[in-house]
file target_22.pdb (PDB, C-alpha atoms and all ligand atoms)
ATOM      1  CA  MET A   1      47.088  92.690 128.013
ATOM      2  CA  THR A   2      45.937  91.680 124.551
ATOM      3  CA  ASP A   3      42.266  90.884 124.525
ATOM      4  CA  LEU A   4      42.172  87.463 122.912
ATOM      5  CA  SER A   5      38.445  87.037 123.412
ATOM      6  CA  ARG A   6      37.629  89.716 120.874
ATOM      7  CA  GLU A   7      37.875  87.361 117.995
ATOM      8  CA  GLY A   8      34.430  86.253 116.985
ATOM      9  CA  THR A   9      32.635  88.852 119.101
ATOM     10  CA  GLY A  10      32.102  90.958 116.044
ATOM     11  CA  ALA A  11      33.922  93.941 117.560
ATOM     12  CA  PRO A  12      37.040  94.511 115.433
ATOM     13  CA  SER A  13      37.010  92.861 112.044
ATOM     14  CA  ALA A  14      38.797  89.532 111.641
ATOM     15  CA  ALA A  15      41.033  91.202 109.080
ATOM     16  CA  SER A  16      42.421  93.606 111.685
ATOM     17  CA  HIS A  17      43.642  90.568 113.628
ATOM     18  CA  ALA A  18      44.843  88.695 110.593
ATOM     19  CA  PRO A  19      48.174  87.492 112.036
ATOM     20  CA  TYR A  20      46.429  86.028 115.099
ATOM     21  CA  ALA A  21      43.322  84.663 113.493
ATOM     22  CA  LYS A  22      44.969  81.438 112.417
ATOM     23  CA  THR A  23      47.069  80.720 115.455
ATOM     24  CA  LEU A  24      44.832  81.648 118.401
ATOM     25  CA  ARG A  25      41.715  79.832 119.477
ATOM     26  CA  GLU A  26      39.057  80.738 122.003
ATOM     27  CA  GLY A  27      40.708  80.443 125.395
ATOM     28  CA  GLY A  28      43.972  81.823 124.100
ATOM     29  CA  THR A  29      45.780  78.602 123.301
ATOM     30  CA  ILE A  30      48.133  78.534 120.360
ATOM     31  CA  GLU A  31      47.193  76.105 117.673
ATOM     32  CA  PRO A  32      50.331  74.244 116.626
ATOM     33  CA  VAL A  33      51.080  73.295 113.054
ATOM     34  CA  ARG A  34      50.268  69.605 113.088
ATOM     35  CA  GLU A  35      51.057  68.567 109.555
ATOM     36  CA  ILE A  36      54.335  68.093 107.710
ATOM     37  CA  LEU A  37      54.924  71.185 105.606
ATOM     38  CA  TRP A  38      57.396  69.992 102.979
ATOM     39  CA  GLY A  39      59.101  66.875 101.613
ATOM     40  CA  SER A  40      57.654  63.582 100.471
ATOM     41  CA  ALA A  41      55.129  63.246 103.352
ATOM     42  CA  VAL A  42      53.711  66.758 103.060
ATOM     43  CA  GLY A  43      50.241  67.125 104.618
ATOM     44  CA  VAL A  44      50.608  64.038 106.831
ATOM     45  CA  ARG A  45      50.552  64.485 110.633
ATOM     46  CA  LYS A  46      53.985  65.288 112.099
ATOM     47  CA  TYR A  47      55.920  62.532 113.864
ATOM     48  CA  GLU A  48      55.643  62.926 117.622
ATOM     49  CA  THR A  49      57.571  59.969 119.056
ATOM     50  CA  PRO A  50      60.676  58.021 117.983
ATOM     51  CA  ASP A  51      58.527  54.910 117.463
ATOM     52  CA  GLU A  52      56.633  56.595 114.646
ATOM     53  CA  LEU A  53      59.738  57.566 112.689
ATOM     54  CA  PRO A  54      60.855  55.775 109.527
ATOM     55  CA  PRO A  55      64.192  54.093 110.427
ATOM     56  CA  GLU A  56      66.229  56.365 108.169
ATOM     57  CA  LEU A  57      64.687  59.528 109.631
ATOM     58  CA  ARG A  58      65.172  58.199 113.146
ATOM     59  CA  LYS A  59      68.893  57.750 112.438
ATOM     60  CA  LEU A  60      69.082  61.220 110.935
ATOM     61  CA  ILE A  61      67.447  62.921 113.920
ATOM     62  CA  VAL A  62      69.740  61.140 116.383
ATOM     63  CA  LYS A  63      72.782  62.120 114.320
ATOM     64  CA  LEU A  64      71.723  65.766 114.036
ATOM     65  CA  MET A  65      70.827  66.043 117.743
ATOM     66  CA  VAL A  66      74.185  64.583 118.752
ATOM     67  CA  VAL A  67      75.991  67.194 116.643
ATOM     68  CA  GLN A  68      73.693  69.926 117.959
ATOM     69  CA  ALA A  69      74.300  69.020 121.612
ATOM     70  CA  ASP A  70      78.028  68.624 120.974
ATOM     71  CA  THR A  71      78.312  72.195 119.670
ATOM     72  CA  GLU A  72      76.355  73.583 122.640
ATOM     73  CA  PHE A  73      78.544  71.865 125.235
ATOM     74  CA  ALA A  74      81.742  72.683 123.325
ATOM     75  CA  SER A  75      80.959  76.379 123.183
ATOM     76  CA  ILE A  76      80.508  76.460 126.958
ATOM     77  CA  GLN A  77      84.078  75.214 127.254
ATOM     78  CA  GLN A  78      85.255  77.854 124.782
ATOM     79  CA  HIS A  79      83.488  80.748 126.510
ATOM     80  CA  ARG A  80      84.364  79.700 130.048
ATOM     81  CA  PRO A  81      87.718  81.562 130.462
ATOM     82  CA  TRP A  82      86.075  84.824 129.365
ATOM     83  CA  LEU A  83      83.544  84.778 132.182
ATOM     84  CA  ASP A  84      86.319  86.346 134.275
ATOM     85  CA  HIS A  85      88.266  88.115 131.545
ATOM     86  CA  ALA A  86      85.761  89.900 129.323
ATOM     87  CA  PRO A  87      86.663  93.604 129.171
ATOM     88  CA  THR A  88      83.630  95.125 130.873
ATOM     89  CA  LEU A  89      81.257  94.002 133.573
ATOM     90  CA  GLU A  90      78.407  94.040 131.085
ATOM     91  CA  ASP A  91      80.423  91.836 128.714
ATOM     92  CA  ARG A  92      81.006  89.380 131.596
ATOM     93  CA  TRP A  93      77.312  89.293 132.340
ATOM     94  CA  ILE A  94      76.494  88.600 128.675
ATOM     95  CA  GLU A  95      79.150  85.882 128.604
ATOM     96  CA  ALA A  96      77.453  84.288 131.630
ATOM     97  CA  ARG A  97      74.109  84.602 129.907
ATOM     98  CA  ILE A  98      75.439  82.972 126.728
ATOM     99  CA  VAL A  99      76.924  80.082 128.703
ATOM    100  CA  ALA A 100      73.573  79.554 130.469
ATOM    101  CA  ASP A 101      71.726  79.642 127.134
ATOM    102  CA  GLU A 102      74.096  77.123 125.524
ATOM    103  CA  ALA A 103      73.713  74.814 128.525
ATOM    104  CA  ARG A 104      69.939  75.005 128.119
ATOM    105  CA  HIS A 105      70.218  74.262 124.381
ATOM    106  CA  GLY A 106      72.421  71.250 125.153
ATOM    107  CA  LEU A 107      69.866  70.085 127.698
ATOM    108  CA  GLN A 108      67.074  70.511 125.196
ATOM    109  CA  ALA A 109      68.890  68.464 122.529
ATOM    110  CA  CYS A 110      69.626  65.780 125.161
ATOM    111  CA  ARG A 111      65.968  65.654 126.192
ATOM    112  CA  ILE A 112      65.122  64.879 122.583
ATOM    113  CA  LEU A 113      67.850  62.197 122.542
ATOM    114  CA  LYS A 114      66.548  60.730 125.806
ATOM    115  CA  ASP A 115      63.257  59.870 124.092
ATOM    116  CA  PHE A 116      65.281  57.492 121.915
ATOM    117  CA  GLY A 117      65.846  55.185 124.898
ATOM    118  CA  GLU A 118      69.095  53.370 125.472
ATOM    119  CA  GLU A 119      70.605  54.570 122.217
ATOM    120  CA  GLY A 120      69.922  58.192 123.171
ATOM    121  CA  GLN A 121      71.272  57.729 126.681
ATOM    122  CA  THR A 122      74.519  56.214 125.383
ATOM    123  CA  TRP A 123      75.004  59.313 123.220
ATOM    124  CA  ILE A 124      74.231  61.646 126.125
ATOM    125  CA  ASP A 125      76.823  59.923 128.330
ATOM    126  CA  GLU A 126      79.388  60.211 125.542
ATOM    127  CA  LEU A 127      78.568  63.885 124.920
ATOM    128  CA  LEU A 128      78.940  64.814 128.570
ATOM    129  CA  ALA A 129      82.345  63.126 128.761
ATOM    130  CA  LYS A 130      83.853  65.092 125.854
ATOM    131  CA  LYS A 131      86.751  67.366 126.614
ATOM    132  CA  GLU A 132      88.022  70.436 124.818
ATOM    133  CA  GLY A 133      89.486  69.538 121.439
ATOM    134  CA  GLU A 134      87.437  66.320 121.125
ATOM    135  CA  HIS A 135      84.406  67.795 119.384
ATOM    136  CA  LYS A 136      82.969  66.934 116.015
ATOM    137  CA  LEU A 137      83.326  70.281 114.218
ATOM    138  CA  ASP A 138      86.592  72.179 113.879
ATOM    139  CA  ALA A 139      85.066  75.524 114.906
ATOM    140  CA  PHE A 140      84.387  74.048 118.345
ATOM    141  CA  ASN A 141      87.898  72.754 118.916
ATOM    142  CA  MET A 142      89.550  76.181 118.658
ATOM    143  CA  LYS A 143      90.272  78.371 121.648
ATOM    144  CA  PHE A 144      89.207  81.971 122.106
ATOM    145  CA  ASP A 145      92.728  83.391 122.368
ATOM    146  CA  ALA A 146      91.642  87.030 122.276
ATOM    147  CA  TRP A 147      88.474  89.008 122.979
ATOM    148  CA  ALA A 148      88.130  89.505 119.209
ATOM    149  CA  ASP A 149      87.716  85.724 118.914
ATOM    150  CA  VAL A 150      84.688  85.885 121.204
ATOM    151  CA  GLY A 151      83.213  88.611 118.995
ATOM    152  CA  ALA A 152      83.919  86.804 115.719
ATOM    153  CA  PHE A 153      82.743  83.439 117.064
ATOM    154  CA  THR A 154      79.399  84.730 118.318
ATOM    155  CA  CYS A 155      78.883  86.895 115.238
ATOM    156  CA  LEU A 156      79.816  84.162 112.725
ATOM    157  CA  VAL A 157      79.686  80.680 114.244
ATOM    158  CA  ASP A 158      76.564  81.284 116.341
ATOM    159  CA  ARG A 159      74.981  82.729 113.217
ATOM    160  CA  VAL A 160      75.613  79.463 111.377
ATOM    161  CA  GLY A 161      73.968  77.744 114.339
ATOM    162  CA  VAL A 162      70.973  79.998 113.866
ATOM    163  CA  PHE A 163      70.742  79.038 110.202
ATOM    164  CA  GLN A 164      70.791  75.364 111.220
ATOM    165  CA  LEU A 165      67.956  76.040 113.679
ATOM    166  CA  ARG A 166      65.989  78.048 111.139
ATOM    167  CA  ALA A 167      66.279  75.072 108.801
ATOM    168  CA  PHE A 168      64.489  72.970 111.505
ATOM    169  CA  GLN A 169      61.663  75.492 112.012
ATOM    170  CA  GLU A 170      58.298  73.751 111.737
ATOM    171  CA  CYS A 171      60.058  70.522 110.788
ATOM    172  CA  SER A 172      58.374  67.117 110.595
ATOM    173  CA  TYR A 173      59.477  65.959 114.077
ATOM    174  CA  GLY A 174      57.132  67.705 116.531
ATOM    175  CA  PRO A 175      59.394  67.739 119.638
ATOM    176  CA  LEU A 176      62.198  69.323 117.616
ATOM    177  CA  ALA A 177      59.940  71.844 115.875
ATOM    178  CA  ARG A 178      58.561  73.009 119.229
ATOM    179  CA  ALA A 179      62.054  73.555 120.641
ATOM    180  CA  MET A 180      62.986  76.035 117.916
ATOM    181  CA  PRO A 181      61.276  79.344 118.811
ATOM    182  CA  LEU A 182      62.911  79.763 122.226
ATOM    183  CA  MET A 183      66.329  78.597 121.023
ATOM    184  CA  LEU A 184      66.179  81.012 118.115
ATOM    185  CA  SER A 185      65.252  83.978 120.268
ATOM    186  CA  GLU A 186      68.131  83.218 122.652
ATOM    187  CA  GLU A 187      70.608  82.800 119.823
ATOM    188  CA  GLN A 188      69.633  86.198 118.456
ATOM    189  CA  LEU A 189      71.163  87.794 121.542
ATOM    190  CA  HIS A 190      74.440  85.957 120.905
ATOM    191  CA  LEU A 191      74.640  87.183 117.310
ATOM    192  CA  ASN A 192      73.897  90.781 118.210
ATOM    193  CA  PHE A 193      76.438  90.679 120.989
ATOM    194  CA  GLY A 194      79.141  89.326 118.655
ATOM    195  CA  ALA A 195      78.449  91.951 116.021
ATOM    196  CA  ASN A 196      78.585  94.670 118.693
ATOM    197  CA  VAL A 197      81.925  93.478 120.013
ATOM    198  CA  LEU A 198      83.447  93.611 116.515
ATOM    199  CA  ARG A 199      81.808  96.963 115.750
ATOM    200  CA  ARG A 200      83.114  98.517 118.947
ATOM    201  CA  MET A 201      86.616  97.194 118.276
ATOM    202  CA  VAL A 202      86.591  98.864 114.872
ATOM    203  CA  ARG A 203      85.079 102.138 116.084
ATOM    204  CA  GLU A 204      86.570 102.570 119.535
ATOM    205  CA  GLY A 205      89.782 100.565 119.239
ATOM    206  CA  PRO A 206      91.803 100.176 122.455
ATOM    207  CA  LYS A 207      89.408 102.488 124.296
ATOM    208  CA  TYR A 208      87.109  99.467 124.297
ATOM    209  CA  ALA A 209      89.219  96.344 123.830
ATOM    210  CA  GLY A 210      91.384  95.584 120.827
ATOM    211  CA  THR A 211      91.887  97.166 117.436
ATOM    212  CA  PRO A 212      90.254  97.064 113.966
ATOM    213  CA  GLU A 213      93.147  94.846 112.838
ATOM    214  CA  GLU A 214      92.439  92.363 115.619
ATOM    215  CA  ALA A 215      88.776  92.286 114.622
ATOM    216  CA  GLN A 216      89.746  91.620 110.993
ATOM    217  CA  THR A 217      92.215  88.884 111.975
ATOM    218  CA  ALA A 218      89.537  87.170 114.039
ATOM    219  CA  VAL A 219      87.057  87.357 111.140
ATOM    220  CA  ARG A 220      89.640  85.712 108.875
ATOM    221  CA  ARG A 221      90.207  83.000 111.470
ATOM    222  CA  TRP A 222      86.540  82.114 112.088
ATOM    223  CA  TYR A 223      84.824  82.863 108.765
ATOM    224  CA  PRO A 224      86.150  79.778 106.914
ATOM    225  CA  ARG A 225      85.325  77.529 109.886
ATOM    226  CA  ALA A 226      81.807  79.006 109.912
ATOM    227  CA  LEU A 227      81.340  78.261 106.188
ATOM    228  CA  ASP A 228      82.658  74.706 106.739
ATOM    229  CA  MET A 229      80.002  74.090 109.396
ATOM    230  CA  PHE A 230      77.275  73.855 106.764
ATOM    231  CA  GLY A 231      78.841  70.619 105.501
ATOM    232  CA  HIS A 232      79.492  69.273 102.029
ATOM    233  CA  SER A 233      77.626  70.937  99.184
ATOM    234  CA  GLN A 234      76.767  67.588  97.600
ATOM    235  CA  SER A 235      75.712  65.971 100.882
ATOM    236  CA  GLU A 236      73.277  63.097 100.481
ATOM    237  CA  THR A 237      72.222  63.523 104.127
ATOM    238  CA  SER A 238      71.074  67.087 103.579
ATOM    239  CA  ARG A 239      69.047  66.025 100.544
ATOM    240  CA  LYS A 240      67.380  63.279 102.600
ATOM    241  CA  ALA A 241      66.685  65.678 105.459
ATOM    242  CA  ILE A 242      64.661  67.847 103.089
ATOM    243  CA  GLU A 243      62.795  64.887 101.666
ATOM    244  CA  TYR A 244      61.786  63.854 105.207
ATOM    245  CA  GLY A 245      60.557  67.363 105.990
ATOM    246  CA  LEU A 246      63.272  67.744 108.612
ATOM    247  CA  LYS A 247      65.341  70.551 107.074
ATOM    248  CA  ARG A 248      64.270  73.294 104.753
ATOM    249  CA  TRP A 249      67.486  73.856 102.832
ATOM    250  CA  THR A 250      70.421  71.918 101.425
ATOM    251  CA  ASN A 251      73.821  72.666 102.950
ATOM    252  CA  GLU A 252      74.742  74.848  99.999
ATOM    253  CA  GLU A 253      71.482  76.821 100.064
ATOM    254  CA  ALA A 254      71.907  77.493 103.784
ATOM    255  CA  ARG A 255      75.552  78.525 103.238
ATOM    256  CA  GLU A 256      74.497  80.964 100.514
ATOM    257  CA  ARG A 257      71.834  82.476 102.773
ATOM    258  CA  PHE A 258      74.435  82.905 105.501
ATOM    259  CA  VAL A 259      76.870  84.669 103.162
ATOM    260  CA  ALA A 260      74.091  86.955 101.903
ATOM    261  CA  GLU A 261      73.199  87.916 105.489
ATOM    262  CA  ILE A 262      76.661  88.323 106.984
ATOM    263  CA  SER A 263      78.446  90.102 104.118
ATOM    264  CA  PRO A 264      76.654  93.472 104.436
ATOM    265  CA  ILE A 265      76.935  93.283 108.238
ATOM    266  CA  LEU A 266      80.729  92.898 108.145
ATOM    267  CA  GLN A 267      81.141  95.411 105.325
ATOM    268  CA  GLY A 268      78.976  97.889 107.212
ATOM    269  CA  MET A 269      81.467  97.724 110.072
ATOM    270  CA  GLY A 270      84.336  98.384 107.679
ATOM    271  CA  LEU A 271      85.558  94.780 107.793
ATOM    272  CA  GLU A 272      86.475  92.682 104.783
ATOM    273  CA  VAL A 273      84.631  89.483 103.997
ATOM    274  CA  PRO A 274      87.194  86.753 103.186
ATOM    275  CA  PRO A 275      86.798  85.070  99.769
ATOM    276  CA  PRO A 276      84.466  82.038  99.896
ATOM    277  CA  ASP A 277      87.286  79.558  99.232
ATOM    278  CA  PHE A 278      89.760  81.084 101.701
ATOM    279  CA  ASP A 279      91.178  78.463 104.127
ATOM    280  CA  ARG A 280      88.272  76.077 103.582
ATOM    281  CA  ARG A 281      88.396  72.422 104.641
ATOM    282  CA  ILE A 282      84.857  71.313 103.737
ATOM    283  CA  THR A 283      83.257  72.381 100.477
TER     284      THR A 283
HETATM  285 FE    FE B   1      73.078  77.429 121.302
HETATM  286 FE    FE B   2      74.739  80.640 120.812
END
call {"tool": "encode", "arguments": {"input": "target_22.pdb", "output": "structure tokens"}}
result
Amino acid sequence: MTDLSREGTGAPSAASHAPYAKTLREGGTIEPVREILWGSAVGVRKYETPDELPPELRKLIVKLMVVQADTEFASIQQHRPWLDHAPTLEDRWIEARIVADEARHGLQACRILKDFGEEGQTWIDELLAKKEGEHKLDAFNMKFDAWADVGAFTCLVDRVGVFQLRAFQECSYGPLARAMPLMLSEEQLHLNFGANVLRRMVREGPKYAGTPEEAQTAVRRWYPRALDMFGHSQSETSRKAIEYGLKRWTNEEARERFVAEISPILQGMGLEVPPPDFDRRIT
């Protein structure tokens, strides 16, 4: 076990514990970041309840949480058939794990919505009633027709989700900021799993499940939908979200970061990255 009491005893120098020195206090509690880190209210205490929020920010958080929860619940519907049909037992177990994680993320987003009273509850009821094909974003209304779709979806679409979550890290709304670390660590498993599925298809072919061509087809199917998920490049909402300290990047900045991260991963597997304007619906 890490000895947290060492700090201040004079034993090892403070410098040797530099990463912990700021975040851990006597007693081992983690000191949260309490102030807004960017935007027009930088340095002010973070918002902790819906009542404290400026009306425009309140609307923005509700809107973003509704979309967030919608994607979580939609992906459960998309993964569901593969719980019984994934090629290996281990793949089935990971599918089950992903579905459980997405359900927890949906629950977490709904808990945030619940704090918004009647308005939040109305959204939750609506979200839980949505059927396949009725979701907000196109990527979540498409079926996983082949195992390669599961690989491409988790590698690409979940990765966009991760970029959206990273944009909320240490944001100005405390309850949302505190939800990020666990969600991000769970999503990392989904991304790695997706990349592994595609990699194995390319390397092992039918010995595993599918072919390199199937992997490439799936990448071409999901990549444009993943890029679309970031939203319009000139979005006024994304500009406002930064100003309120809610998001760190504009839609276009986040999209560029995604492309920079995913391109070498796909190329390293021997897969082609589709051109940025290929089959796009939202630019
Ligand atoms: Fe999720
Ligand atoms: Fe995920």
call {"tool": "resolve_selection", "arguments": {"input": "target_22.pdb", "expression": "the PyMOL selection byres (((chain A and resi 249-258) around 8) and not hetatm)", "output": "number ranges by chain"}}
result
A: 159-160, 163-164, 167, 227, 230-235, 238-239, 242, 247-248, 259-262
call {"tool": "resolve_selection", "arguments": {"input": "target_22.pdb", "expression": "the PyMOL selection byres (((not hetatm)) within 6 of (chain B and resi 1))", "output": "list in words"}}
result
Glu72, Glu102 and His105 of chain A
call {"tool": "resolve_selection", "arguments": {"input": "target_22.pdb", "expression": "the PyMOL selection byres (((not hetatm)) within 6 of (chain B and resi 2))", "output": "PyMOL selection string"}}
result
chain A and resi 102+158+187+190
call {"tool": "write_last_selection", "arguments": {"input": "target_22.pdb", "atoms": "C-alpha atoms", "output": "short mmCIF file (atom, residue, chain, number, x, y, z; two decimals), in the frame of the given file"}}
result
data_model
loop_
_atom_site.label_atom_id
_atom_site.label_comp_id
_atom_site.auth_asym_id
_atom_site.auth_seq_id
_atom_site.Cartn_x
_atom_site.Cartn_y
_atom_site.Cartn_z
CA GLU A 102 74.10 77.12 125.52
CA ASP A 158 76.56 81.28 116.34
CA GLU A 187 70.61 82.80 119.82
CA HIS A 190 74.44 85.96 120.90
#
call {"tool": "closest_residue", "arguments": {"input": "target_22.pdb", "among": "A:Trp82, A:Phe73, A:Trp123, A:Trp147", "to": "Met201 (chain A)", "atoms": "all atoms listed in the file"}}
result
A:Trp147
call {"tool": "closest_residue", "arguments": {"input": "target_22.pdb", "among": "A:Met229, A:Ala129, A:Val197, A:Ala218", "to": "Thr283 (chain A)", "atoms": "only C-alpha atoms"}}
result
A:Met229
call {"tool": "closest_residue", "arguments": {"input": "target_22.pdb", "among": "A:Ala215, A:Val66, A:Val99, A:Ala195", "to": "Pro264 (chain A)", "atoms": "all atoms listed in the file"}}
result
A:Ala195
call {"tool": "closest_residue", "arguments": {"input": "target_22.pdb", "among": "A:Tyr244, A:Phe153, A:Tyr173, A:Trp222", "to": "Asn192 (chain A)", "atoms": "all atoms listed in the file"}}
result
A:Phe153
call {"tool": "closest_residue", "arguments": {"input": "target_22.pdb", "among": "A:Trp38, A:Leu128, A:Met142, A:Gly194", "to": "Leu266 (chain A)", "atoms": "all atoms listed in the file"}}
result
A:Gly194
call {"tool": "decode", "arguments": {"input": "target_22.pdb", "residues": "region 89-98 of chain A", "atoms": "all heavy atoms", "output": "short mmCIF file (atom, residue, chain, number, x, y, z; two decimals), in the first residue's frame"}}
result
data_model
loop_
_atom_site.label_atom_id
_atom_site.label_comp_id
_atom_site.auth_asym_id
_atom_site.auth_seq_id
_atom_site.Cartn_x
_atom_site.Cartn_y
_atom_site.Cartn_z
N LEU A 89 -15.65 -16.97 -26.90
CA LEU A 89 -16.25 -16.78 -25.58
C LEU A 89 -15.74 -15.50 -24.93
O LEU A 89 -16.49 -14.75 -24.30
CB LEU A 89 -15.91 -18.01 -24.70
CG LEU A 89 -16.54 -18.03 -23.31
CD1 LEU A 89 -18.05 -17.91 -23.37
CD2 LEU A 89 -16.14 -19.32 -22.59
N GLU A 90 -14.45 -15.24 -25.13
CA GLU A 90 -13.88 -14.02 -24.55
C GLU A 90 -14.53 -12.77 -25.18
O GLU A 90 -14.84 -11.81 -24.48
CB GLU A 90 -12.37 -13.99 -24.77
CG GLU A 90 -11.73 -12.97 -23.85
CD GLU A 90 -10.24 -12.81 -24.07
OE1 GLU A 90 -9.66 -13.56 -24.88
OE2 GLU A 90 -9.67 -11.92 -23.43
N ASP A 91 -14.75 -12.82 -26.50
CA ASP A 91 -15.42 -11.70 -27.16
C ASP A 91 -16.83 -11.51 -26.58
O ASP A 91 -17.30 -10.38 -26.40
CB ASP A 91 -15.54 -11.94 -28.67
CG ASP A 91 -14.19 -11.83 -29.37
OD1 ASP A 91 -13.33 -11.06 -28.90
OD2 ASP A 91 -13.99 -12.53 -30.39
N ARG A 92 -17.52 -12.61 -26.28
CA ARG A 92 -18.88 -12.50 -25.72
C ARG A 92 -18.83 -11.86 -24.34
O ARG A 92 -19.68 -11.04 -23.98
CB ARG A 92 -19.54 -13.88 -25.64
CG ARG A 92 -19.97 -14.35 -27.00
CD ARG A 92 -20.66 -15.67 -26.98
NE ARG A 92 -20.56 -16.23 -28.33
CZ ARG A 92 -21.16 -17.32 -28.73
NH1 ARG A 92 -21.92 -18.01 -27.90
NH2 ARG A 92 -21.00 -17.74 -29.97
N TRP A 93 -17.83 -12.26 -23.58
CA TRP A 93 -17.68 -11.68 -22.24
C TRP A 93 -17.41 -10.17 -22.35
O TRP A 93 -18.01 -9.38 -21.62
CB TRP A 93 -16.54 -12.39 -21.49
CG TRP A 93 -16.21 -11.68 -20.21
CD1 TRP A 93 -17.00 -11.58 -19.10
CD2 TRP A 93 -15.02 -10.92 -19.94
NE1 TRP A 93 -16.37 -10.81 -18.15
CE2 TRP A 93 -15.16 -10.40 -18.63
CE3 TRP A 93 -13.86 -10.65 -20.66
CZ2 TRP A 93 -14.17 -9.61 -18.05
CZ3 TRP A 93 -12.88 -9.87 -20.07
CH2 TRP A 93 -13.04 -9.36 -18.79
N ILE A 94 -16.54 -9.79 -23.29
CA ILE A 94 -16.24 -8.35 -23.42
C ILE A 94 -17.48 -7.59 -23.91
O ILE A 94 -17.76 -6.49 -23.45
CB ILE A 94 -15.00 -8.10 -24.33
CG1 ILE A 94 -13.77 -8.74 -23.68
CG2 ILE A 94 -14.76 -6.60 -24.53
CD1 ILE A 94 -12.51 -8.71 -24.52
N GLU A 95 -18.23 -8.21 -24.80
CA GLU A 95 -19.49 -7.59 -25.24
C GLU A 95 -20.40 -7.33 -24.03
O GLU A 95 -21.01 -6.26 -23.91
CB GLU A 95 -20.21 -8.50 -26.26
CG GLU A 95 -19.70 -8.37 -27.68
CD GLU A 95 -20.04 -7.01 -28.28
OE1 GLU A 95 -21.18 -6.80 -28.69
OE2 GLU A 95 -19.13 -6.15 -28.30
N ALA A 96 -20.49 -8.34 -23.16
CA ALA A 96 -21.35 -8.21 -21.97
C ALA A 96 -20.83 -7.08 -21.08
O ALA A 96 -21.59 -6.28 -20.53
CB ALA A 96 -21.40 -9.52 -21.20
N ARG A 97 -19.53 -7.02 -20.99
CA ARG A 97 -18.89 -5.98 -20.17
C ARG A 97 -19.17 -4.58 -20.75
O ARG A 97 -19.50 -3.65 -20.01
CB ARG A 97 -17.40 -6.31 -20.16
CG ARG A 97 -16.48 -5.38 -19.50
CD ARG A 97 -16.55 -5.46 -18.00
NE ARG A 97 -16.03 -4.22 -17.48
CZ ARG A 97 -14.74 -3.99 -17.24
NH1 ARG A 97 -13.87 -4.95 -17.41
NH2 ARG A 97 -14.34 -2.84 -16.80
N ILE A 98 -19.07 -4.48 -22.07
CA ILE A 98 -19.32 -3.19 -22.72
C ILE A 98 -20.77 -2.76 -22.47
O ILE A 98 -21.04 -1.62 -22.12
CB ILE A 98 -19.00 -3.25 -24.24
CG1 ILE A 98 -17.48 -3.37 -24.45
CG2 ILE A 98 -19.56 -2.05 -24.98
CD1 ILE A 98 -17.05 -3.57 -25.89
#
